[in-house]
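Accompanying notes for the structure given below.
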Amino acid sequence: MAFLETLKRDIGRLALPGWRPLARWLRRRLPTGLYTRSLLIVILPMLLLQTVVAALFMERHWRMVTERLSEGTIRDIAGIIEVIRTYPQDSNYDAITRIADESLNLTIAVEDKGQLPPPRPRPFFSILDDILADQINSQIKMPFWIDSVGDSRLVEIRVKIDERVLRVFARRGSTYASNTHIFLIWMIGTAFVLVLISILFLRGQIRPILRLAEAAESFGKGQKNESYSPRGADEVRRAGLAFIQMRERIERQMEQRTAMLAGISHDLRTILTRFKLQLALAGNKPELAGMSQDVDDMQSMLEGYLAFAKGEAEEDFGELRLSEFLEKLRGEFSLSGKTLTYRIEGEDQIAVRPNAFARLVGNLVSNSERYATSLNIEATHNAKWLTLVLDDDGPGIPPDAREEVFKPFFRLDEARNLDASGTGLGLAIARDIARSHGGNVTLADSPKGGLRAIVRLPA
């Protein structure tokens, strides 16, 4: 056993480097879809089997039948030659011509002092010529010339008999297995029917998998798809039932979390409201100014924490006009004496959760408003994706910290992800909303010298 394992490992080391380029080439060329791969699994073995059958069985069948037919035809010609050489004939050979036509189904003519034509080029598929030549060499043993090329129903054979040339016209079907096309038609026809059945069957098997994928994708984007029900094979049904159970558990947890956060929000806001009322009743005393600011900061941080924990998943998708939204942002941005420009390419109407989308872009714009003097937004909306590229001229974020700033409560010196209350949740909330839509938010260097934020959402 140890020897076999060592031998297998050594062979693998020798063969693997040579197979790697071929494996990479096949990986790039082969289809990636399950439907297409399944069709290939069904069709390729069928084609391979039929090719082997056609190459072995049909070639043997053609040769065997053609040999038998050609042997009989050449035997008849040999008999005619023997009669011509043995028994004197008149110059027209009428008797032997009539016997050959009526009894042997051959048309013959004898040319006195005739010559054989020059050899013809051999056809690509020369099985008939080869077999006829072998039979003439074995039975007649005289110089000959064969013409089997073309679509004619006749095969011409010329044999040199002393000073004469015997011309024989035989029907092609008498010398060649000409009915094999029926087998090919049946083989191709059955293969076509089997492929058609496979296509219809596989489409029915793939459709439940696609529906499961669509339901999972919709749920991942926060869209409700209650119409999904498991169908298809047992394994697909099991996967569908597992998905439904998982979705129900997640929805129950989200409902419980929402109810808990609503209760916490109500209780804490009640306490903060009481603090504010007591401070208001105490009057504008200098020693209470710091406490009043602490209460305001506490309320701001509470709102940020609850917004991050609660998210916007319960909001339904709706239509939002991108130009109106960006124009509103431009007006708010100009109130601080700074410049916001934008350009929209593609459809203006987008399908998003409006409040969540406004919070996502608003957090990014507020960071630029705080640290930059100008901001440019390029919006591209095509059939598959909605992409927003925000470029500002602020101080930017170091490359090694661009993923860290998306972590909740992460603080960076001169941090770009700190909102007004200093909770460190601005970019965390933005990415959370983008991912709940099925997209993402990434950061890069801006051509303006500051930070570039890229929002990419499925359309």
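Here, A, B, ... name the chains of the structure tokens in the order displayed, residue numbers run from 1 inside each chain, and ligands are numbered from 1 in the same displayed order.
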Show me, as a short mmCIF file (atom, residue, chain, number, x, y, z; two decimals) with C-alpha atoms, in the first residue's frame, the residues that have an atom within 6 Å of Pro208 of chain A when counting only C-alpha atoms, minus same-chain residues fewer than 2 positions from it.
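out04.cif, written as the output of this step:
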data_model
loop_
_atom_site.label_atom_id
_atom_site.label_comp_id
_atom_site.auth_asym_id
_atom_site.auth_seq_id
_atom_site.Cartn_x
_atom_site.Cartn_y
_atom_site.Cartn_z
CA ILE A 206 -33.59 23.88 -13.04
CA LEU A 210 -33.83 29.45 -10.01
CA ARG A 211 -36.98 30.29 -8.06
CA ARG A 231 -41.07 22.51 -5.89
CA GLY A 232 -38.98 20.13 -7.94
#
Checklist entry - What is the atom CA of Arg370 of chain A-atom CA of Val455 of chain A distance in Å, reported with one decimal? => result 19.4 Å
Checklist entry - Near segment 72-75 of chain A, counting only C-alpha atoms, which residues have an atom at most 9 Å away, once you skip same-chain residues fewer than 3 positions from it, shown as a list in words? => result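 Once the adjacent positions are removed, what remains is Glu67, Arg68, Leu69, Ala78, Gly79, Ile80, Leu104, Leu106, Leu132, Gln135, Ile136, Gln139, Ile140, Ala170, Ser174 and Thr175 of chain A.
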Serialized selection, C-alpha atoms, as a short mmCIF file (atom, residue, chain, number, x, y, z; two decimals), in the first residue's frame:
data_model
loop_
_atom_site.label_atom_id
_atom_site.label_comp_id
_atom_site.auth_asym_id
_atom_site.auth_seq_id
_atom_site.Cartn_x
_atom_site.Cartn_y
_atom_site.Cartn_z
CA GLU A 67 -17.47 -7.14 -49.82
CA ARG A 68 -20.27 -9.65 -50.30
CA LEU A 69 -22.03 -7.58 -52.96
CA ALA A 78 -15.40 -13.23 -64.26
CA GLY A 79 -17.93 -15.66 -65.74
CA ILE A 80 -18.59 -13.32 -68.67
CA LEU A 104 -27.03 -10.83 -64.36
CA LEU A 106 -25.24 -6.02 -66.03
CA LEU A 132 -13.64 -3.91 -56.04
CA GLN A 135 -11.94 -8.77 -55.78
CA ILE A 136 -10.77 -8.16 -59.39
CA GLN A 139 -10.82 -13.45 -59.20
CA ILE A 140 -9.98 -11.98 -62.63
CA ALA A 170 -23.28 -2.39 -62.77
CA SER A 174 -25.46 -4.28 -56.48
CA THR A 175 -21.87 -3.55 -55.46
#
Item to check | Selection near Pro447 of chain A, 9 Å with only C-alpha atoms, sequence-local residues under 3 positions removed, as a VMD selection string | outcome: chain A and resid 391 to 393 450 to 452
Next on the checklist: Based on the backbone DSSP call, show me all residues of segment 258-364 of chain A assigned strand (DSSP E or B), as number ranges by chain.
Outcome noted: A: 318-321, 339-346, 349-352
Next on the checklist: Could you pull out the alpha helix (DSSP H) residues of segment 106-298 of chain A, going by DSSP on the backbone, and write them as a PyMOL selection string?
Outcome noted: chain A and resi 127-139+172-175+180-220+234-282+289-298
Item to check | Two-atom distance - atom CA of Lys384 of chain A, atom CA of Ala459 of chain A (Å) | outcome: 5.0 Å
